[in-house]
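So this one's run19.csv, CSV, C-alpha atoms:
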chain,number,residue,atom,x,y,z
A,1,MET,CA,211.1,40.3,116.8
A,2,PRO,CA,213.5,38.8,114.2
A,3,LEU,CA,216.7,37.0,115.1
A,4,PRO,CA,219.7,39.2,115.5
A,5,LYS,CA,222.5,38.9,112.9
A,6,ILE,CA,225.8,37.3,114.0
A,7,LEU,CA,228.5,39.8,112.9
A,8,GLN,CA,231.4,37.7,114.3
A,9,ASN,CA,231.7,34.5,116.4
A,10,LYS,CA,235.0,33.6,118.0
A,11,VAL,CA,236.3,31.2,120.6
A,12,ILE,CA,237.6,33.2,123.5
A,13,ALA,CA,238.4,30.5,126.0
A,14,LYS,CA,238.9,26.7,125.7
A,15,THR,CA,239.6,24.2,128.5
A,16,ARG,CA,239.4,20.4,128.5
A,17,PHE,CA,235.7,20.5,129.3
A,18,PHE,CA,234.4,24.0,128.5
A,19,GLN,CA,234.5,26.3,125.4
A,20,VAL,CA,233.4,29.9,125.4
A,21,GLU,CA,232.4,31.9,122.3
A,22,ALA,CA,231.9,35.6,122.0
A,23,LEU,CA,229.1,36.5,119.5
A,24,ASP,CA,229.1,40.0,118.1
A,25,LEU,CA,225.3,40.5,117.4
A,26,GLU,CA,223.3,43.2,115.7
A,27,PHE,CA,219.7,43.4,116.7
A,28,SER,CA,216.9,44.4,114.3
A,29,ASN,CA,216.7,47.9,116.0
A,30,GLY,CA,220.4,48.4,115.1
A,31,ILE,CA,221.8,47.9,118.7
A,32,LYS,CA,225.0,45.9,118.7
A,33,ARG,CA,226.0,43.7,121.7
A,34,THR,CA,228.6,41.0,122.4
A,35,TYR,CA,227.0,37.9,124.0
A,36,GLU,CA,229.1,35.1,125.4
A,37,ARG,CA,227.9,31.5,125.2
A,38,ILE,CA,229.0,27.9,125.7
A,39,PRO,CA,228.1,26.4,122.3
A,40,GLU,CA,226.2,23.3,121.6
A,41,PRO,CA,228.4,20.3,122.3
A,42,ARG,CA,229.0,17.6,119.7
A,43,THR,CA,227.7,14.9,122.1
A,44,GLN,CA,224.1,14.4,123.3
A,45,GLY,CA,223.0,13.4,126.8
A,46,VAL,CA,220.3,11.4,128.5
A,47,ILE,CA,218.7,11.6,132.0
A,48,VAL,CA,216.7,8.6,133.1
A,49,VAL,CA,213.6,8.2,135.3
A,50,ALA,CA,213.9,4.4,136.1
A,51,ILE,CA,211.2,2.6,138.1
A,52,ASN,CA,211.8,-0.8,139.5
A,53,ALA,CA,209.3,-3.7,140.2
A,54,ALA,CA,208.7,-2.4,143.8
A,55,ASP,CA,207.4,0.9,142.4
A,56,GLU,CA,210.6,2.7,143.5
A,57,LEU,CA,212.4,5.5,141.6
A,58,LEU,CA,216.1,4.7,141.3
A,59,LEU,CA,218.1,7.8,142.4
A,60,ILE,CA,221.8,8.1,142.8
A,61,ARG,CA,223.8,10.2,145.3
A,62,GLU,CA,227.0,11.5,143.6
A,63,TYR,CA,229.6,14.1,143.9
A,64,ALA,CA,228.5,17.5,142.4
A,65,ALA,CA,231.7,19.5,141.8
A,66,GLY,CA,229.7,22.7,141.1
A,67,PHE,CA,228.7,22.9,144.8
A,68,HIS,CA,231.4,20.5,146.3
A,69,GLU,CA,228.6,18.4,147.8
A,70,LEU,CA,227.1,14.9,147.5
A,71,GLN,CA,223.7,15.4,145.8
A,72,LEU,CA,220.7,13.2,145.0
A,73,THR,CA,219.8,13.1,141.3
A,74,LEU,CA,218.8,10.8,138.4
A,75,PRO,CA,221.2,8.6,136.5
A,76,LYS,CA,222.5,10.4,133.4
A,77,GLY,CA,225.3,10.5,130.9
A,78,ILE,CA,226.6,11.1,127.5
A,79,VAL,CA,225.3,9.3,124.4
A,80,ASP,CA,228.2,7.3,122.9
A,81,ALA,CA,228.9,7.5,119.2
A,82,GLY,CA,226.5,5.2,117.3
A,83,GLU,CA,224.1,4.7,120.2
A,84,SER,CA,220.4,5.6,120.1
A,85,LEU,CA,219.0,7.6,123.1
A,86,GLU,CA,217.3,4.3,124.3
A,87,GLU,CA,220.6,2.4,124.2
A,88,ALA,CA,222.4,5.2,126.0
A,89,ALA,CA,219.7,5.2,128.7
A,90,ARG,CA,220.0,1.4,129.2
A,91,ARG,CA,223.8,1.5,129.4
A,92,GLU,CA,223.9,4.4,131.8
A,93,LEU,CA,221.4,2.6,134.1
A,94,ALA,CA,223.6,-0.6,134.0
A,95,GLU,CA,226.7,1.6,134.8
A,96,GLU,CA,225.2,3.7,137.5
A,97,VAL,CA,222.4,1.7,139.2
A,98,GLY,CA,223.0,-2.0,138.2
A,99,PHE,CA,219.9,-2.4,136.1
A,100,SER,CA,218.8,-2.3,132.5
A,101,ALA,CA,215.3,-1.9,131.1
A,102,ARG,CA,213.1,-3.7,128.6
A,103,ASN,CA,210.9,-0.6,128.2
A,104,VAL,CA,212.5,2.8,127.5
A,105,THR,CA,210.5,5.7,126.1
A,106,PHE,CA,211.5,9.3,125.2
A,107,ILE,CA,209.9,12.0,127.3
A,108,LYS,CA,211.3,15.4,126.2
A,109,ARG,CA,214.4,17.3,125.2
A,110,LEU,CA,215.3,19.7,128.0
A,111,THR,CA,217.6,22.7,127.8
A,112,LEU,CA,219.3,24.2,130.8
A,113,ALA,CA,220.2,27.9,130.3
A,114,PRO,CA,219.6,28.5,126.5
A,115,GLY,CA,220.5,32.2,126.8
A,116,HIS,CA,224.1,31.2,127.6
A,117,MET,CA,224.6,27.5,126.7
A,118,GLY,CA,223.7,25.4,123.7
A,119,TYR,CA,223.3,22.4,125.9
A,120,SER,CA,220.3,20.0,126.0
A,121,ILE,CA,219.6,16.6,127.5
A,122,HIS,CA,217.0,14.0,126.6
A,123,ALA,CA,214.7,12.8,129.4
A,124,MET,CA,213.8,9.1,129.2
A,125,LEU,CA,211.5,6.9,131.2
A,126,ALA,CA,212.7,3.3,131.9
A,127,GLN,CA,210.4,0.5,133.1
A,128,ASP,CA,210.5,-3.3,133.2
A,129,LEU,CA,214.0,-3.3,134.8
A,130,TYR,CA,216.3,-6.3,135.1
A,131,GLU,CA,219.6,-6.6,136.8
A,132,LYS,CA,222.6,-5.8,134.7
A,133,HIS,CA,226.0,-4.4,135.7
A,134,LEU,CA,228.4,-2.5,133.6
A,135,PRO,CA,231.6,-0.8,134.8
A,136,GLY,CA,231.2,3.0,134.9
A,137,ASP,CA,233.7,5.8,134.4
A,138,GLU,CA,233.3,7.5,137.8
A,139,PRO,CA,236.2,7.5,140.2
A,140,GLU,CA,233.8,6.0,142.8
A,141,PRO,CA,230.5,4.2,142.0
A,142,PRO,CA,227.5,6.4,142.9
A,143,GLU,CA,225.4,5.3,145.8
A,144,VAL,CA,222.0,4.0,144.6
A,145,VAL,CA,219.0,5.3,146.5
A,146,PRO,CA,215.6,3.7,145.8
A,147,TRP,CA,212.8,6.1,146.5
A,148,PRO,CA,209.2,5.0,146.8
A,149,LEU,CA,206.9,6.6,144.1
A,150,ALA,CA,204.3,7.0,146.8
A,151,ARG,CA,206.7,9.6,148.5
A,152,LEU,CA,207.5,11.5,145.3
A,153,ASP,CA,206.0,14.8,146.7
A,154,GLU,CA,208.4,14.6,149.6
A,155,LEU,CA,211.3,14.3,147.3
A,156,ILE,CA,210.3,17.1,145.0
A,157,ASN,CA,209.2,19.6,147.7
A,158,GLY,CA,212.1,18.8,150.1
A,159,ASP,CA,215.5,20.4,150.1
A,160,GLN,CA,217.8,17.5,149.0
A,161,PHE,CA,216.6,17.2,145.4
A,162,ASN,CA,217.1,20.4,143.4
A,163,GLU,CA,218.2,19.6,139.8
A,164,ALA,CA,215.7,21.3,137.5
A,165,ARG,CA,216.1,18.8,134.6
A,166,ALA,CA,215.5,15.9,137.1
A,167,ILE,CA,212.4,17.5,138.6
A,168,ALA,CA,211.1,18.4,135.1
A,169,ALA,CA,211.6,14.8,133.9
A,170,LEU,CA,210.0,13.3,136.9
A,171,LEU,CA,207.0,15.6,136.9
A,172,MET,CA,206.5,15.1,133.2
A,173,CYS,CA,206.0,11.4,133.7
A,174,ARG,CA,204.0,11.8,136.9
A,175,GLU,CA,200.7,10.6,135.3
A,176,GLN,CA,202.3,7.4,134.1
A,177,LEU,CA,204.0,7.0,137.5
A,178,ALA,CA,200.8,7.7,139.5
A,179,SER,CA,199.0,4.7,137.9
A,180,ARG,CA,201.8,2.5,139.3
A,181,SER,CA,202.1,3.8,142.9
A,182,GLY,CA,198.5,3.0,143.5
B,1,MET,CA,230.6,7.7,150.1
B,2,PRO,CA,232.4,10.7,151.7
B,3,LEU,CA,233.2,14.0,149.9
B,4,PRO,CA,236.4,13.9,147.9
B,5,LYS,CA,239.2,16.2,149.2
B,6,ILE,CA,240.1,19.3,147.2
B,7,LEU,CA,243.9,19.2,146.7
B,8,GLN,CA,244.0,22.3,144.6
B,9,ASN,CA,241.5,24.7,143.1
B,10,LYS,CA,242.6,27.2,140.4
B,11,VAL,CA,241.0,29.5,137.9
B,12,ILE,CA,242.0,28.3,134.4
B,13,ALA,CA,239.8,30.5,132.2
B,14,LYS,CA,238.0,33.8,132.8
B,15,THR,CA,235.9,35.8,130.4
B,16,ARG,CA,233.5,38.7,131.0
B,17,PHE,CA,230.7,36.3,131.7
B,18,PHE,CA,232.2,32.9,132.5
B,19,GLN,CA,234.9,31.6,134.9
B,20,VAL,CA,236.2,28.1,134.8
B,21,GLU,CA,238.0,26.4,137.7
B,22,ALA,CA,240.1,23.2,137.8
B,23,LEU,CA,239.6,21.2,141.0
B,24,ASP,CA,242.3,18.6,141.8
B,25,LEU,CA,240.4,16.0,143.8
B,26,GLU,CA,241.3,12.9,145.8
B,27,PHE,CA,238.4,10.5,146.3
B,28,SER,CA,238.1,8.3,149.4
B,29,ASN,CA,239.4,5.3,147.5
B,30,GLY,CA,242.6,7.2,146.7
B,31,ILE,CA,241.8,7.9,143.0
B,32,LYS,CA,242.8,11.4,142.0
B,33,ARG,CA,241.0,13.3,139.2
B,34,THR,CA,240.9,16.8,137.9
B,35,TYR,CA,237.3,18.1,137.5
B,36,GLU,CA,236.4,21.4,135.8
B,37,ARG,CA,233.6,23.6,137.0
B,38,ILE,CA,232.0,27.0,136.7
B,39,PRO,CA,231.8,28.1,140.3
B,40,GLU,CA,228.9,29.5,142.2
B,41,PRO,CA,228.3,33.1,141.0
B,42,ARG,CA,228.1,36.0,143.5
B,43,THR,CA,224.7,36.9,142.3
B,44,GLN,CA,221.4,35.0,142.6
B,45,GLY,CA,218.6,34.6,140.1
B,46,VAL,CA,214.8,34.3,140.0
B,47,ILE,CA,212.5,32.7,137.4
B,48,VAL,CA,208.8,33.7,137.6
B,49,VAL,CA,205.6,31.8,137.0
B,50,ALA,CA,203.2,34.8,136.6
B,51,ILE,CA,199.4,34.3,136.2
B,52,ASN,CA,197.2,37.2,135.1
B,53,ALA,CA,193.5,37.8,135.9
B,54,ALA,CA,192.4,36.0,132.7
B,55,ASP,CA,194.1,32.8,134.1
B,56,GLU,CA,196.9,33.1,131.6
B,57,LEU,CA,200.6,32.3,132.1
B,58,LEU,CA,202.8,35.2,131.0
B,59,LEU,CA,205.6,33.8,128.8
B,60,ILE,CA,208.2,35.7,126.9
B,61,ARG,CA,209.8,35.0,123.5
B,62,GLU,CA,213.4,36.1,123.6
B,63,TYR,CA,216.8,35.6,121.9
B,64,ALA,CA,218.6,32.4,123.2
B,65,ALA,CA,222.2,32.8,122.2
B,66,GLY,CA,223.1,29.2,123.2
B,67,PHE,CA,221.0,28.0,120.2
B,68,HIS,CA,220.8,31.3,118.1
B,69,GLU,CA,217.1,31.0,118.2
B,70,LEU,CA,214.1,32.9,119.5
B,71,GLN,CA,212.6,30.7,122.3
B,72,LEU,CA,209.6,30.8,124.6
B,73,THR,CA,210.4,30.9,128.3
B,74,LEU,CA,209.5,32.4,131.7
B,75,PRO,CA,210.6,35.9,132.8
B,76,LYS,CA,213.8,35.7,134.7
B,77,GLY,CA,216.8,37.6,135.9
B,78,ILE,CA,219.5,38.4,138.4
B,79,VAL,CA,218.6,39.6,142.0
B,80,ASP,CA,220.1,43.0,142.4
B,81,ALA,CA,222.2,44.0,145.5
B,82,GLY,CA,219.9,44.6,148.5
B,83,GLU,CA,216.8,43.1,146.8
B,84,SER,CA,214.8,40.2,148.3
B,85,LEU,CA,213.8,37.3,145.9
B,86,GLU,CA,210.2,38.7,146.0
B,87,GLU,CA,211.4,42.2,145.0
B,88,ALA,CA,213.6,40.8,142.2
B,89,ALA,CA,210.6,38.8,140.9
B,90,ARG,CA,208.4,41.9,140.9
B,91,ARG,CA,211.0,44.1,139.2
B,92,GLU,CA,211.8,41.5,136.5
B,93,LEU,CA,208.1,41.1,135.7
B,94,ALA,CA,207.7,44.9,135.3
B,95,GLU,CA,210.8,45.0,133.0
B,96,GLU,CA,210.0,42.0,130.9
B,97,VAL,CA,206.1,41.7,130.8
B,98,GLY,CA,204.8,45.1,132.0
B,99,PHE,CA,203.2,43.8,135.2
B,100,SER,CA,204.0,43.6,138.9
B,101,ALA,CA,202.4,41.3,141.5
B,102,ARG,CA,200.7,41.8,144.9
B,103,ASN,CA,201.2,38.1,145.7
B,104,VAL,CA,204.7,36.5,145.2
B,105,THR,CA,205.7,33.2,146.8
B,106,PHE,CA,208.8,31.1,146.7
B,107,ILE,CA,208.5,27.7,145.1
B,108,LYS,CA,211.9,26.1,145.1
B,109,ARG,CA,215.7,26.6,144.5
B,110,LEU,CA,216.6,24.9,141.3
B,111,THR,CA,220.1,23.9,140.1
B,112,LEU,CA,221.0,23.3,136.4
B,113,ALA,CA,224.0,21.0,136.1
B,114,PRO,CA,225.4,20.7,139.6
B,115,GLY,CA,228.2,18.3,138.5
B,116,HIS,CA,229.7,21.1,136.4
B,117,MET,CA,228.2,24.5,137.5
B,118,GLY,CA,227.5,26.0,140.9
B,119,TYR,CA,224.5,27.8,139.5
B,120,SER,CA,221.0,27.9,141.0
B,121,ILE,CA,217.9,30.0,140.4
B,122,HIS,CA,214.9,30.5,142.6
B,123,ALA,CA,211.5,29.7,141.2
B,124,MET,CA,208.7,32.1,142.3
B,125,LEU,CA,205.0,32.2,141.7
B,126,ALA,CA,203.4,35.6,141.1
B,127,GLN,CA,199.7,36.2,141.3
B,128,ASP,CA,197.3,39.3,141.7
B,129,LEU,CA,199.1,41.2,138.9
B,130,TYR,CA,198.8,44.9,138.1
B,131,GLU,CA,200.2,46.9,135.3
B,132,LYS,CA,203.6,48.3,135.9
B,133,HIS,CA,206.4,49.1,133.4
B,134,LEU,CA,210.1,49.4,134.1
B,135,PRO,CA,212.8,49.8,131.4
B,136,GLY,CA,214.7,46.5,131.0
B,137,ASP,CA,218.4,46.0,130.0
B,138,GLU,CA,217.7,43.9,126.9
B,139,PRO,CA,218.8,45.3,123.5
B,140,GLU,CA,215.2,44.6,122.3
B,141,PRO,CA,212.2,44.2,124.7
B,142,PRO,CA,211.1,40.5,124.7
B,143,GLU,CA,207.7,39.6,123.1
B,144,VAL,CA,205.1,38.8,125.8
B,145,VAL,CA,203.1,35.7,125.0
B,146,PRO,CA,200.0,35.1,127.3
B,147,TRP,CA,199.3,31.3,127.4
B,148,PRO,CA,196.0,30.0,128.8
B,149,LEU,CA,196.5,27.8,131.9
B,150,ALA,CA,193.8,25.5,130.4
B,151,ARG,CA,196.4,24.7,127.6
B,152,LEU,CA,199.3,24.0,129.9
B,153,ASP,CA,199.7,20.4,128.8
B,154,GLU,CA,200.1,21.5,125.2
B,155,LEU,CA,202.9,23.9,126.2
B,156,ILE,CA,204.8,21.4,128.2
B,157,ASN,CA,204.4,18.4,125.9
B,158,GLY,CA,205.0,20.5,122.7
B,159,ASP,CA,208.3,21.3,121.1
B,160,GLN,CA,208.6,25.0,121.6
B,161,PHE,CA,209.1,25.1,125.3
B,162,ASN,CA,212.1,23.1,126.5
B,163,GLU,CA,213.8,24.9,129.4
B,164,ALA,CA,214.0,22.5,132.3
B,165,ARG,CA,213.9,25.1,135.0
B,166,ALA,CA,210.8,26.7,133.5
B,167,ILE,CA,209.1,23.3,133.1
B,168,ALA,CA,210.1,22.3,136.7
B,169,ALA,CA,208.8,25.6,138.1
B,170,LEU,CA,205.5,25.4,136.2
B,171,LEU,CA,204.8,21.8,137.1
B,172,MET,CA,205.7,22.4,140.8
B,173,CYS,CA,202.9,25.0,141.0
B,174,ARG,CA,200.5,23.0,138.9
B,175,GLU,CA,198.2,22.1,141.8
B,176,GLN,CA,197.8,25.8,142.7
B,177,LEU,CA,197.3,26.7,139.0
B,178,ALA,CA,194.8,23.9,138.4
B,179,SER,CA,192.4,25.3,140.9
B,180,ARG,CA,192.4,28.5,138.9
B,181,SER,CA,192.0,27.2,135.3
B,182,GLY,CA,188.8,25.5,136.3
For the file at hand, write its structure as structure tokens.
Amino acid sequence: MPLPKILQNKVIAKTRFFQVEALDLEFSNGIKRTYERIPEPRTQGVIVVAINAADELLLIREYAAGFHELQLTLPKGIVDAGESLEEAARRELAEEVGFSARNVTFIKRLTLAPGHMGYSIHAMLAQDLYEKHLPGDEPEPPEVVPWPLARLDELINGDQFNEARAIAALLMCREQLASRSG
Amino acid sequence: MPLPKILQNKVIAKTRFFQVEALDLEFSNGIKRTYERIPEPRTQGVIVVAINAADELLLIREYAAGFHELQLTLPKGIVDAGESLEEAARRELAEEVGFSARNVTFIKRLTLAPGHMGYSIHAMLAQDLYEKHLPGDEPEPPEVVPWPLARLDELINGDQFNEARAIAALLMCREQLASRSG
């Protein structure tokens, strides 16, 4: 199956945070369809699996506007101009959980809904943490929730932790984490 | 940290596929902010980990408009009115990979970007497959790519499979899958 041809691409809605494009497409069998998408943003993002010296995963509980709920998730944020992914991961940790990390490694680029959104986020593993606080840009600082690695199954199979990119990031570094939780 | 109060909620953009709301919020410390979100849709979705008798995972390669690329992913789709999650999983399999399943179990509800979107999808595991074809609604039928379970690590760690909800679903049923791949 070859890529469809883009006959036309226009912005059909634009708000402060979201932009929607309509793509007029012609598929290789001649069928024409208009697809809508949120295009790839100019900024990149990181989501961070951070493990402290007590073999705890550092979670945050923060406001999730999509559901108007407080939800448990991993620290994450936008990569600032000029920052590497590792630097962004360290800064986000300092802003959201009050730690930075000596050891930060890239795990995987993750997409969310690639049929409709050109969005991806880079999963990072942070270890060898040390205390460091930076002011964040949230209206209220998120609550930090340390979660023992030994109880990771309970987190992942339970009903208070549902974010696919956070679960994918965590399970992808499970082998490395398993050797720590004894 | 208590939930912020919603002072006002209005639709600020609406296209055929997307709707964007602006939420005027007041946080418990008195700070007011306007958040934008794509609200929870009226439909639900399923994403299906389907394993055939040869211990292969059934992937599809389909057009991903968000990146204008052909990408490898799991079969997925919207739950039709009146359908259960299990029925939707069976129908989507028949439409996208030409199989149905005698054994379908629920794995987990997964969210994508709950800070900005009220969207979630239900991960399902399908086993005991049998051939069944239903016409799909795609302009071109997706390419079916059987992937040996024994090579799951290669898929997940490689650079052609990046969808967080698909990786989360796969890794969440890894223990059940491991007992099959020998």
Expressed in Å to a single decimal, how great is the separation between atom CA of B:Arg102 and atom CA of B:Gln44?
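That distance, rounded to one decimal, is 21.9 Å.
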Mind fitting chain A to chain B by least squares on all Cα atoms in order and giving back the moved coordinates as a compact mmCIF listing (two decimals) with C-alpha atoms, in the frame of the given file?
# COMPACT_ATOMS: atom_id res chain seq x y z
CA MET A 1 230.61 7.74 150.12
CA PRO A 2 232.41 10.73 151.72
CA LEU A 3 233.17 13.94 149.87
CA PRO A 4 236.41 13.96 147.99
CA LYS A 5 239.20 16.25 149.26
CA ILE A 6 240.07 19.34 147.16
CA LEU A 7 243.88 19.16 146.72
CA GLN A 8 244.06 22.35 144.58
CA ASN A 9 241.50 24.74 143.02
CA LYS A 10 242.59 27.21 140.37
CA VAL A 11 241.00 29.50 137.84
CA ILE A 12 241.94 28.29 134.41
CA ALA A 13 239.86 30.54 132.21
CA LYS A 14 238.04 33.87 132.82
CA THR A 15 235.89 35.85 130.37
CA ARG A 16 233.46 38.72 130.99
CA PHE A 17 230.65 36.30 131.74
CA PHE A 18 232.18 32.88 132.48
CA GLN A 19 234.88 31.58 134.92
CA VAL A 20 236.29 28.09 134.85
CA GLU A 21 238.05 26.36 137.77
CA ALA A 22 240.05 23.19 137.72
CA LEU A 23 239.66 21.16 140.98
CA ASP A 24 242.33 18.61 141.74
CA LEU A 25 240.29 16.04 143.83
CA GLU A 26 241.22 12.95 145.79
CA PHE A 27 238.45 10.49 146.31
CA SER A 28 238.08 8.36 149.46
CA ASN A 29 239.37 5.25 147.51
CA GLY A 30 242.59 7.21 146.76
CA ILE A 31 241.81 7.93 143.01
CA LYS A 32 242.81 11.42 142.01
CA ARG A 33 240.97 13.32 139.21
CA THR A 34 240.86 16.91 137.91
CA TYR A 35 237.25 18.15 137.55
CA GLU A 36 236.45 21.41 135.84
CA ARG A 37 233.53 23.55 137.02
CA ILE A 38 231.93 26.97 136.63
CA PRO A 39 231.77 28.09 140.28
CA GLU A 40 228.87 29.49 142.12
CA PRO A 41 228.30 33.07 141.03
CA ARG A 42 228.14 35.92 143.53
CA THR A 43 224.65 36.92 142.26
CA GLN A 44 221.38 34.97 142.70
CA GLY A 45 218.61 34.59 140.12
CA VAL A 46 214.86 34.30 139.95
CA ILE A 47 212.47 32.67 137.40
CA VAL A 48 208.85 33.67 137.63
CA VAL A 49 205.58 31.80 136.95
CA ALA A 50 203.18 34.85 136.64
CA ILE A 51 199.43 34.36 136.18
CA ASN A 52 197.24 37.19 135.15
CA ALA A 53 193.48 37.86 135.94
CA ALA A 54 192.41 35.96 132.74
CA ASP A 55 194.06 32.79 134.06
CA GLU A 56 196.91 33.14 131.52
CA LEU A 57 200.60 32.30 132.12
CA LEU A 58 202.79 35.19 131.01
CA LEU A 59 205.60 33.80 128.77
CA ILE A 60 208.17 35.74 126.88
CA ARG A 61 209.81 34.93 123.52
CA GLU A 62 213.48 36.08 123.58
CA TYR A 63 216.72 35.56 121.90
CA ALA A 64 218.61 32.44 123.21
CA ALA A 65 222.27 32.88 122.18
CA GLY A 66 223.09 29.26 123.16
CA PHE A 67 221.04 27.97 120.19
CA HIS A 68 220.85 31.26 118.09
CA GLU A 69 217.06 31.01 118.16
CA LEU A 70 214.03 32.91 119.53
CA GLN A 71 212.67 30.71 122.36
CA LEU A 72 209.60 30.75 124.61
CA THR A 73 210.40 30.82 128.33
CA LEU A 74 209.49 32.44 131.68
CA PRO A 75 210.59 35.89 132.75
CA LYS A 76 213.81 35.70 134.77
CA GLY A 77 216.81 37.67 135.90
CA ILE A 78 219.43 38.47 138.36
CA VAL A 79 218.70 39.54 141.95
CA ASP A 80 220.10 43.08 142.42
CA ALA A 81 222.19 43.87 145.46
CA GLY A 82 219.91 44.51 148.47
CA GLU A 83 216.79 43.04 146.88
CA SER A 84 214.82 40.12 148.33
CA LEU A 85 213.85 37.28 145.90
CA GLU A 86 210.21 38.67 145.96
CA GLU A 87 211.38 42.17 145.00
CA ALA A 88 213.59 40.79 142.25
CA ALA A 89 210.64 38.78 140.89
CA ARG A 90 208.36 41.87 140.86
CA ARG A 91 210.96 44.05 139.14
CA GLU A 92 211.81 41.49 136.51
CA LEU A 93 208.08 41.07 135.69
CA ALA A 94 207.71 44.92 135.36
CA GLU A 95 210.85 44.94 133.07
CA GLU A 96 210.00 42.00 130.93
CA VAL A 97 206.18 41.64 130.81
CA GLY A 98 204.77 45.05 132.00
CA PHE A 99 203.23 43.81 135.20
CA SER A 100 203.98 43.58 138.88
CA ALA A 101 202.36 41.36 141.50
CA ARG A 102 200.77 41.82 144.90
CA ASN A 103 201.27 38.11 145.71
CA VAL A 104 204.71 36.50 145.21
CA THR A 105 205.63 33.22 146.87
CA PHE A 106 208.85 31.13 146.77
CA ILE A 107 208.53 27.74 145.13
CA LYS A 108 211.98 26.07 145.08
CA ARG A 109 215.67 26.59 144.47
CA LEU A 110 216.61 24.84 141.23
CA THR A 111 220.08 23.89 140.06
CA LEU A 112 220.96 23.31 136.45
CA ALA A 113 224.00 21.01 136.01
CA PRO A 114 225.48 20.73 139.60
CA GLY A 115 228.21 18.32 138.44
CA HIS A 116 229.77 21.15 136.42
CA MET A 117 228.25 24.49 137.56
CA GLY A 118 227.57 26.03 140.93
CA TYR A 119 224.60 27.83 139.53
CA SER A 120 221.05 27.90 140.99
CA ILE A 121 217.91 29.93 140.39
CA HIS A 122 214.92 30.54 142.62
CA ALA A 123 211.48 29.70 141.19
CA MET A 124 208.71 32.09 142.26
CA LEU A 125 205.00 32.15 141.69
CA ALA A 126 203.38 35.60 141.08
CA GLN A 127 199.62 36.24 141.32
CA ASP A 128 197.36 39.28 141.73
CA LEU A 129 199.14 41.15 138.88
CA TYR A 130 198.80 44.85 138.11
CA GLU A 131 200.21 46.83 135.29
CA LYS A 132 203.61 48.30 135.86
CA HIS A 133 206.40 49.10 133.39
CA LEU A 134 210.04 49.36 134.06
CA PRO A 135 212.79 49.77 131.44
CA GLY A 136 214.76 46.53 130.97
CA ASP A 137 218.37 45.91 130.02
CA GLU A 138 217.75 43.84 126.86
CA PRO A 139 218.79 45.24 123.53
CA GLU A 140 215.19 44.60 122.36
CA PRO A 141 212.15 44.15 124.66
CA PRO A 142 211.04 40.49 124.74
CA GLU A 143 207.76 39.67 123.12
CA VAL A 144 205.12 38.82 125.76
CA VAL A 145 203.07 35.72 125.06
CA PRO A 146 200.04 35.03 127.29
CA TRP A 147 199.27 31.36 127.44
CA PRO A 148 196.00 30.02 128.77
CA LEU A 149 196.46 27.76 131.91
CA ALA A 150 193.82 25.50 130.46
CA ARG A 151 196.36 24.65 127.58
CA LEU A 152 199.34 24.10 129.89
CA ASP A 153 199.73 20.40 128.75
CA GLU A 154 200.10 21.59 125.19
CA LEU A 155 202.85 23.90 126.15
CA ILE A 156 204.77 21.43 128.23
CA ASN A 157 204.43 18.41 125.88
CA GLY A 158 204.98 20.44 122.66
CA ASP A 159 208.29 21.23 121.06
CA GLN A 160 208.58 25.05 121.54
CA PHE A 161 209.01 25.08 125.33
CA ASN A 162 212.09 23.16 126.48
CA GLU A 163 213.81 24.96 129.41
CA ALA A 164 214.03 22.46 132.25
CA ARG A 165 213.97 25.08 135.07
CA ALA A 166 210.81 26.64 133.46
CA ILE A 167 209.03 23.30 133.12
CA ALA A 168 210.08 22.31 136.68
CA ALA A 169 208.74 25.61 138.08
CA LEU A 170 205.53 25.40 136.22
CA LEU A 171 204.84 21.79 137.10
CA MET A 172 205.68 22.41 140.72
CA CYS A 173 202.91 24.95 141.00
CA ARG A 174 200.48 22.97 138.85
CA GLU A 175 198.12 22.16 141.79
CA GLN A 176 197.78 25.81 142.69
CA LEU A 177 197.35 26.65 138.99
CA ALA A 178 194.76 23.89 138.37
CA SER A 179 192.36 25.39 140.97
CA ARG A 180 192.40 28.61 138.89
CA SER A 181 191.94 27.25 135.33
CA GLY A 182 188.74 25.62 136.34
Could the residues of chain B within 6 Å of chain A, counting all atoms listed in the file, be given as a list in words, please?
Arg37, Pro39, Ala64, Ala65, Gly66, Phe67, Leu110, Thr111, Leu112, Pro114, Gly115, His116, Met117, Gly118, Asn162, Glu163, Ala164, Arg165, Ile167 and Ala168 of chain B
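If you measure from each of A:Pro135, A:Val144, A:Lys76, A:Phe99 to A:Ala123 using only C-alpha atoms, the closest one turns out to be A:Lys76.
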Centre and edge lengths, as JSON, for the axis-aligned box enclosing every listed atom of stretch 103-115 of chain A with 6 Å of padding on each of the six sides, in Å to one decimal?
{"center_x": 215.2, "center_y": 15.8, "center_z": 128.0, "size_x": 22.6, "size_y": 44.8, "size_z": 17.6}
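Picture a line from atom CA of A:Ala89 to atom CA of A:Ala178; it runs 21.9 Å.
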Mind pulling up the distance from atom CA of B:Glu175 to atom CA of B:Glu86?
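So the two atoms, atom CA of B:Glu86 and atom CA of B:Glu175, lie 20.9 Å apart.
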